[in-house]
Amino acid sequence: RTLNPNEPEFHQAVHEVLHSIGPVLERRSEYLDKGVLERLVEPERQIIFRVPWIDDAGKLQVNRGYRVQYNSALGPYKGGLRFHPSVNISIIKFLGFEQIFKNALTGQGIGGGKGGSNFDPHGKSEAEVMRFCQSFMNELFRHIGEHTDVPAGDIGVGGREIGYMFGMYRKITNRFESGILTGKGLGWGGAQVRTEATGYGAVFFVQEMLAVHGENLEGKRVAVSGSGNVAIYAIEKAQQLGAKAITASDSTGYVLDEAGIDLALLRQIKEVERGRIVEYANRRPGAVFVEGGNVWEVPVEIAVPSATQNELDEDSARMLVANGIRAVAEGANMPSTPEAVGVFQQAGVLFAPGKAANAGGVATSALEMSQNAARQRWSFADSEHRLRDIMADIHEASFQAAERYGVPGDYVAGANIAGFERVADAMLEQGVI
Ligand code: NDP
């Protein structure tokens, strides 16, 4: 804490992992003897840079850019870029730290990293977003590469922003290198199912947790928060599997649609018009908008928090439990506070942490990297099938690790342990670097 002051989100993420792996360290002291923990918490490299750009009024704006290259023991750094006014070094480090274990858990050859900027895309024109992305890549390009670091999207960074950044990289370097970013357009190196993967994967994970108890999603009421990339496709997959997804939200409030969210309308408003969630209630008969409301007050059996960190607190968790919640899968990164997680676990709710439940996104990004390297294109059905299998494997790895260490059903501990063991063994085998 003295080395990293004022970084509460980073401390929260580290605390959770270290707490979970206590039993592992008791059984395998070499991790302590060889300084794995001290090395693991310290990023291999942190890059902070100036991002100057000119707004539509001709005024110079300056934002701060980040790329934290956290751990490359398992492969090139891999993790998204977040553009949101709340971005600071604590947020990027917590996300990068989580990413190490998440990526390890996928079983693929990818290390952990994260980046972004405090740039706020809301209310910016198309041209301003493009100029910002170009300026951001004007510095980032020298730090990334197919074998070094492969960024992707996150909050505020979708297909549009990846396109502008890729274009700038190609211009600066005079090389078309598909493998330097993932989340690309389908016509120029992007992979089928990448857009859908995080939301789909979170719902597949719910399916796996329920199946252990002989249950399924059929007819279940589902609350989803957020209305971005993860939320939209969590809603879609929940509906395809027979559940009823009835909420979506953004930073202004939530909508409740008892008839089930109209996905086409939601996509039109969020993906095409880039509008606010209130628009959904304005256009959909029967739907209501609760301004500033807490989406977790809606009685549901399944919750998929898919907006941002610490959006679901202890009181919200208690409300969900009182209303009969059965399973929670974190589509977002660390959306539940530690107190909320405690409430769920004590009440016997099936709880999947983000590093397991939302790993489908980065796993499919790794599939995009494989296709780029082999100059191949896999079909939607084939890619979705692979995602389905990967989520089942992640569930199994987390479930089994929890059993092995005497905390059956604790997916938080299981995911942390399974991810930690893989990356820590790689670090041991590669020596002190
Ligand atoms: P998007 O930018 O597409 O959507 C984010 C959504 O969350 C928006 O509806 C946004 O509302 C809402 N939101 C963001 N910040 C806040 C806030 N501070 N308070 C309330 N609502 C907020 O992002 P994604 O869907 O890509 O990401 C959502 C979460 O999922 C993040 O935690 C991200 O790290 C995680 N994730 C994403 C992956 C991906 O593949 N995209 C992969 C793994 C995890 P508003 O527009 O009002 O800000």
# chains A, B, ... in the order shown; residues from 1 in each chain; ligands from 1
>>> residues_around(residues="Phe49 of chain A", least_positions_apart="5", cutoff="9 Å", atoms="only C-alpha atoms", output="PDB file with N, CA and C atoms, in the first residue's frame")
ATOM      1  N   ASN A  63      -5.608  14.344 -23.100  1.00  0.00           N
ATOM      2  CA  ASN A  63      -5.987  13.254 -22.198  1.00  0.00           C
ATOM      3  C   ASN A  63      -4.752  12.469 -21.811  1.00  0.00           C
ATOM      4  N   ARG A  64      -4.951  11.552 -20.870  1.00  0.00           N
ATOM      5  CA  ARG A  64      -3.841  10.711 -20.437  1.00  0.00           C
ATOM      6  C   ARG A  64      -4.089   9.280 -20.930  1.00  0.00           C
ATOM      7  N   GLY A  65      -3.056   8.677 -21.516  1.00  0.00           N
ATOM      8  CA  GLY A  65      -3.174   7.302 -22.005  1.00  0.00           C
ATOM      9  C   GLY A  65      -2.366   6.361 -21.135  1.00  0.00           C
ATOM     10  N   TYR A  66      -2.837   5.115 -21.052  1.00  0.00           N
ATOM     11  CA  TYR A  66      -2.163   4.106 -20.219  1.00  0.00           C
ATOM     12  C   TYR A  66      -2.045   2.785 -20.975  1.00  0.00           C
ATOM     13  N   ARG A  67      -0.957   2.066 -20.746  1.00  0.00           N
ATOM     14  CA  ARG A  67      -0.905   0.650 -21.077  1.00  0.00           C
ATOM     15  C   ARG A  67      -0.066  -0.016 -19.988  1.00  0.00           C
ATOM     16  N   PHE A 136      -4.092   8.512 -29.907  1.00  0.00           N
ATOM     17  CA  PHE A 136      -3.778   7.457 -28.923  1.00  0.00           C
ATOM     18  C   PHE A 136      -2.832   6.430 -29.547  1.00  0.00           C
ATOM     19  N   GLU A 139       1.064   7.031 -30.147  1.00  0.00           N
ATOM     20  CA  GLU A 139       2.056   6.632 -29.143  1.00  0.00           C
ATOM     21  C   GLU A 139       2.039   5.129 -28.903  1.00  0.00           C
ATOM     22  N   LEU A 140       0.808   4.547 -28.828  1.00  0.00           N
ATOM     23  CA  LEU A 140       0.706   3.140 -28.431  1.00  0.00           C
ATOM     24  C   LEU A 140       1.416   2.208 -29.417  1.00  0.00           C
TER      25      LEU A 140
END
>>> select_by_dssp(residues="segment 92-192 of chain A", states="alpha helix (DSSP H)", output="ChimeraX atom specification")
/A:92-105,126-140,159-173
>>> residues_near_ligand(ligand="ligand 1", cutoff="8 Å", atoms="only C-alpha atoms and all ligand atoms", output="PyMOL selection string")
chain A and resi 80+82+84+86+95+122+152-158+194-199+225-232+248-252+276-277+306-309+311+331-335+354+358-362
>>> closest_residue(among="A:Val150, A:Val212, A:Val24, A:Leu18", to="Met369 of chain A", atoms="only C-alpha atoms")
A:Val150
>>> closest_atom_pairs(of="segment 314-418 of chain A", to="segment 293-302 of chain A", cutoff="12 Å", atoms="only C-alpha atoms", output="tab-separated table")
residue	atom	partner	partner_atom	distance
A:Glu314	CA	A:Trp296	CA	10.9
A:Asp315	CA	A:Trp296	CA	9.3
A:Ser316	CA	A:Trp296	CA	5.7
A:Ala317	CA	A:Trp296	CA	7.6
A:Arg318	CA	A:Trp296	CA	9.5
A:Met319	CA	A:Glu297	CA	6.1
A:Leu320	CA	A:Trp296	CA	6.3
A:Val321	CA	A:Pro299	CA	9.2
A:Ala322	CA	A:Pro299	CA	8.7
A:Asn323	CA	A:Pro299	CA	5.2
A:Gly324	CA	A:Glu301	CA	6.1
A:Ile325	CA	A:Glu301	CA	4.2
A:Arg326	CA	A:Glu301	CA	5.1
A:Ala327	CA	A:Ile302	CA	5.0
A:Val328	CA	A:Ile302	CA	5.8
A:Ala329	CA	A:Ile302	CA	8.0
A:Glu330	CA	A:Ile302	CA	10.8
A:Ser336	CA	A:Trp296	CA	11.4
A:Ala340	CA	A:Trp296	CA	11.8
A:Val349	CA	A:Ile302	CA	9.8
A:Leu350	CA	A:Ile302	CA	9.5
A:Phe351	CA	A:Ile302	CA	10.1
A:Ala352	CA	A:Ile302	CA	11.4
>>> closest_residue(among="A:Glu273, A:Pro408, A:Ile433, A:Gly115", to="Glu42 of chain A", atoms="only C-alpha atoms")
A:Ile433
>>> closest_residue(among="A:Asn6, A:Ser117, A:Gln61, A:Ser20", to="Asp410 of chain A", atoms="only C-alpha atoms")
A:Ser20
>>> residues_around(residues="Val432 of chain A", least_positions_apart="2", cutoff="10 Å", atoms="only C-alpha atoms", output="list in words")
Lys34, Gly35, Val36, Arg39, Met427, Leu428, Glu429 and Gln430 of chain A
>>> residues_around(residues="Ala238 of chain A", least_positions_apart="5", cutoff="12 Å", atoms="only C-alpha atoms", output="ChimeraX atom specification")
/A:199-207,216-224,231-233,243-247,260-261,263,302-304
>>> write_last_selection(atoms="N, CA and C atoms", output="JSON list (two decimals), in the first residue's frame")
[["chain", "number", "residue", "atom", "x", "y", "z"],
["A", 199, "GLY", "N", -20.69, -11.66, -23.51],
["A", 199, "GLY", "CA", -22.07, -11.84, -23.01],
["A", 199, "GLY", "C", -22.53, -13.29, -23.15],
["A", 200, "TYR", "N", -22.29, -13.87, -24.32],
["A", 200, "TYR", "CA", -22.67, -15.28, -24.52],
["A", 200, "TYR", "C", -21.97, -16.16, -23.48],
["A", 201, "GLY", "N", -20.67, -15.90, -23.31],
["A", 201, "GLY", "CA", -19.87, -16.75, -22.42],
["A", 201, "GLY", "C", -20.38, -16.70, -20.98],
["A", 202, "ALA", "N", -20.78, -15.50, -20.53],
["A", 202, "ALA", "CA", -21.27, -15.37, -19.15],
["A", 202, "ALA", "C", -22.53, -16.21, -18.96],
["A", 203, "VAL", "N", -23.38, -16.23, -19.98],
["A", 203, "VAL", "CA", -24.62, -17.02, -19.87],
["A", 203, "VAL", "C", -24.31, -18.52, -19.97],
["A", 204, "PHE", "N", -23.35, -18.88, -20.80],
["A", 204, "PHE", "CA", -22.93, -20.30, -20.84],
["A", 204, "PHE", "C", -22.42, -20.73, -19.46],
["A", 205, "PHE", "N", -21.73, -19.81, -18.80],
["A", 205, "PHE", "CA", -21.20, -20.15, -17.46],
["A", 205, "PHE", "C", -22.35, -20.38, -16.47],
["A", 206, "VAL", "N", -23.39, -19.57, -16.57],
["A", 206, "VAL", "CA", -24.58, -19.77, -15.72],
["A", 206, "VAL", "C", -25.16, -21.16, -15.99],
["A", 207, "GLN", "N", -25.26, -21.49, -17.27],
["A", 207, "GLN", "CA", -25.78, -22.82, -17.66],
["A", 207, "GLN", "C", -24.99, -23.94, -16.98],
["A", 216, "ASN", "N", -31.75, -25.63, -15.12],
["A", 216, "ASN", "CA", -31.41, -24.94, -16.37],
["A", 216, "ASN", "C", -32.05, -23.55, -16.41],
["A", 217, "LEU", "N", -31.86, -22.87, -17.55],
["A", 217, "LEU", "CA", -32.28, -21.47, -17.65],
["A", 217, "LEU", "C", -33.75, -21.29, -18.07],
["A", 218, "GLU", "N", -34.34, -22.36, -18.50],
["A", 218, "GLU", "CA", -35.71, -22.30, -19.04],
["A", 218, "GLU", "C", -36.67, -21.54, -18.10],
["A", 219, "GLY", "N", -37.26, -20.48, -18.62],
["A", 219, "GLY", "CA", -38.29, -19.75, -17.88],
["A", 219, "GLY", "C", -37.76, -18.85, -16.76],
["A", 220, "LYS", "N", -36.46, -18.81, -16.55],
["A", 220, "LYS", "CA", -35.91, -18.01, -15.43],
["A", 220, "LYS", "C", -35.92, -16.51, -15.78],
["A", 221, "ARG", "N", -36.19, -15.70, -14.78],
["A", 221, "ARG", "CA", -36.13, -14.24, -14.95],
["A", 221, "ARG", "C", -34.69, -13.78, -14.74],
["A", 222, "VAL", "N", -34.20, -12.97, -15.68],
["A", 222, "VAL", "CA", -32.79, -12.55, -15.66],
["A", 222, "VAL", "C", -32.69, -11.03, -15.63],
["A", 223, "ALA", "N", -31.88, -10.49, -14.71],
["A", 223, "ALA", "CA", -31.58, -9.06, -14.71],
["A", 223, "ALA", "C", -30.17, -8.85, -15.24],
["A", 224, "VAL", "N", -30.05, -7.96, -16.21],
["A", 224, "VAL", "CA", -28.74, -7.61, -16.76],
["A", 224, "VAL", "C", -28.56, -6.10, -16.54],
["A", 231, "ALA", "N", -23.60, -6.52, -22.10],
["A", 231, "ALA", "CA", -25.01, -6.63, -21.71],
["A", 231, "ALA", "C", -25.90, -7.11, -22.86],
["A", 232, "ILE", "N", -25.71, -6.52, -24.02],
["A", 232, "ILE", "CA", -26.59, -6.83, -25.16],
["A", 232, "ILE", "C", -26.54, -8.32, -25.51],
["A", 233, "TYR", "N", -25.32, -8.87, -25.50],
["A", 233, "TYR", "CA", -25.22, -10.27, -25.95],
["A", 233, "TYR", "C", -25.46, -11.26, -24.80],
["A", 243, "ALA", "N", -34.60, -18.26, -21.27],
["A", 243, "ALA", "CA", -34.82, -17.41, -20.09],
["A", 243, "ALA", "C", -35.49, -16.10, -20.52],
["A", 244, "LYS", "N", -35.89, -15.31, -19.53],
["A", 244, "LYS", "CA", -36.55, -14.04, -19.84],
["A", 244, "LYS", "C", -35.71, -12.91, -19.27],
["A", 245, "ALA", "N", -34.95, -12.24, -20.13],
["A", 245, "ALA", "CA", -34.12, -11.11, -19.69],
["A", 245, "ALA", "C", -35.00, -9.87, -19.69],
["A", 246, "ILE", "N", -35.13, -9.21, -18.54],
["A", 246, "ILE", "CA", -36.15, -8.16, -18.42],
["A", 246, "ILE", "C", -35.59, -6.77, -18.10],
["A", 247, "THR", "N", -34.27, -6.64, -17.94],
["A", 247, "THR", "CA", -33.73, -5.31, -17.64],
["A", 247, "THR", "C", -32.50, -4.98, -18.48],
["A", 260, "GLY", "N", -40.01, -9.01, -21.62],
["A", 260, "GLY", "CA", -38.70, -9.47, -22.14],
["A", 260, "GLY", "C", -38.14, -8.39, -23.04],
["A", 261, "ILE", "N", -36.84, -8.11, -22.87],
["A", 261, "ILE", "CA", -36.21, -7.03, -23.65],
["A", 261, "ILE", "C", -36.32, -7.32, -25.15],
["A", 263, "LEU", "N", -34.69, -7.14, -28.24],
["A", 263, "LEU", "CA", -33.27, -7.02, -28.55],
["A", 263, "LEU", "C", -33.01, -6.13, -29.78],
["A", 302, "ILE", "N", -31.77, -14.90, -11.86],
["A", 302, "ILE", "CA", -30.40, -14.84, -12.36],
["A", 302, "ILE", "C", -30.00, -13.38, -12.53],
["A", 303, "ALA", "N", -28.77, -13.03, -12.13],
["A", 303, "ALA", "CA", -28.27, -11.66, -12.35],
["A", 303, "ALA", "C", -26.95, -11.72, -13.11],
["A", 304, "VAL", "N", -26.84, -10.86, -14.12],
["A", 304, "VAL", "CA", -25.59, -10.77, -14.89],
["A", 304, "VAL", "C", -25.14, -9.30, -14.91]]
>>> atom_distance(atom1="atom CA of Ser398 of chain A", atom2="atom CA of Val193 of chain A")
23.7 Å
>>> residues_around(residues="Ile417 of chain A", least_positions_apart="4", cutoff="9 Å", atoms="only C-alpha atoms", output="tab-separated table (two decimals) with C-alpha atoms, in the first residue's frame")
chain	number	residue	atom	x	y	z
A	17	VAL	CA	-6.62	-13.11	-5.16
A	20	SER	CA	-8.00	-17.15	-2.22
A	21	ILE	CA	-4.56	-18.62	-2.77
A	24	VAL	CA	-2.14	-23.12	-2.20
A	101	PHE	CA	-5.53	-14.98	-14.01
A	398	SER	CA	-12.63	-23.51	-11.34
A	401	ALA	CA	-9.71	-26.34	-8.02
A	402	ALA	CA	-12.31	-25.39	-5.38
A	405	TYR	CA	-8.59	-27.09	-1.89
A	412	VAL	CA	-14.07	-17.22	-6.56
A	413	ALA	CA	-11.42	-19.33	-4.86
A	421	GLU	CA	-1.23	-22.15	-10.43
A	422	ARG	CA	-0.83	-21.98	-14.19
>>> closest_residue(among="A:Pro305, A:Tyr77, A:Pro23, A:Glu291", to="Val407 of chain A", atoms="only C-alpha atoms")
A:Pro23
>>> residues_around(residues="Gln134 of chain A", least_positions_apart="2", cutoff="8 Å", atoms="only C-alpha atoms", output="MDAnalysis selection string")
chainID A and resid 130:132 136:138 164:165 168
>>> closest_residue(among="A:Asn103, A:Thr2, A:Thr337, A:Asn372", to="Leu181 of chain A", atoms="only C-alpha atoms")
A:Asn372
>>> atom_distance(atom1="atom CA of Gly409 of chain A", atom2="atom CA of Gly113 of chain A")
28.6 Å
>>> closest_residue(among="A:Asn416, A:Ser29, A:Ser72, A:Thr106", to="Arg388 of chain A", atoms="only C-alpha atoms")
A:Thr106
>>> select_by_dssp(residues="segment 118-234 of chain A", states="strand (DSSP E)", output="list in words")
Asp149, Val150, Pro151, Ala152, Arg221, Val222, Ala223 and Val224 of chain A
>>> decode(residues="segment 220-239 of chain A", atoms="C-alpha atoms", output="mmCIF file, in the first residue's frame")
data_model
loop_
_atom_site.group_PDB
_atom_site.id
_atom_site.type_symbol
_atom_site.label_atom_id
_atom_site.label_comp_id
_atom_site.auth_asym_id
_atom_site.auth_seq_id
_atom_site.Cartn_x
_atom_site.Cartn_y
_atom_site.Cartn_z
ATOM 1 C CA LYS A 220 -35.907 -18.011 -15.432
ATOM 2 C CA ARG A 221 -36.134 -14.242 -14.948
ATOM 3 C CA VAL A 222 -32.790 -12.549 -15.658
ATOM 4 C CA ALA A 223 -31.579 -9.057 -14.706
ATOM 5 C CA VAL A 224 -28.738 -7.606 -16.762
ATOM 6 C CA SER A 225 -27.107 -4.253 -15.983
ATOM 7 C CA GLY A 226 -25.444 -2.079 -18.593
ATOM 8 C CA SER A 227 -26.499 -1.817 -22.220
ATOM 9 C CA GLY A 228 -23.153 -2.080 -23.953
ATOM 10 C CA ASN A 229 -21.326 -4.872 -25.677
ATOM 11 C CA VAL A 230 -21.437 -7.374 -22.822
ATOM 12 C CA ALA A 231 -25.010 -6.632 -21.708
ATOM 13 C CA ILE A 232 -26.590 -6.829 -25.160
ATOM 14 C CA TYR A 233 -25.216 -10.272 -25.946
ATOM 15 C CA ALA A 234 -25.856 -11.628 -22.456
ATOM 16 C CA ILE A 235 -29.496 -10.681 -23.015
ATOM 17 C CA GLU A 236 -29.492 -12.320 -26.454
ATOM 18 C CA LYS A 237 -28.041 -15.623 -25.262
ATOM 19 C CA ALA A 238 -30.260 -15.764 -22.163
ATOM 20 C CA GLN A 239 -33.291 -15.383 -24.417
#
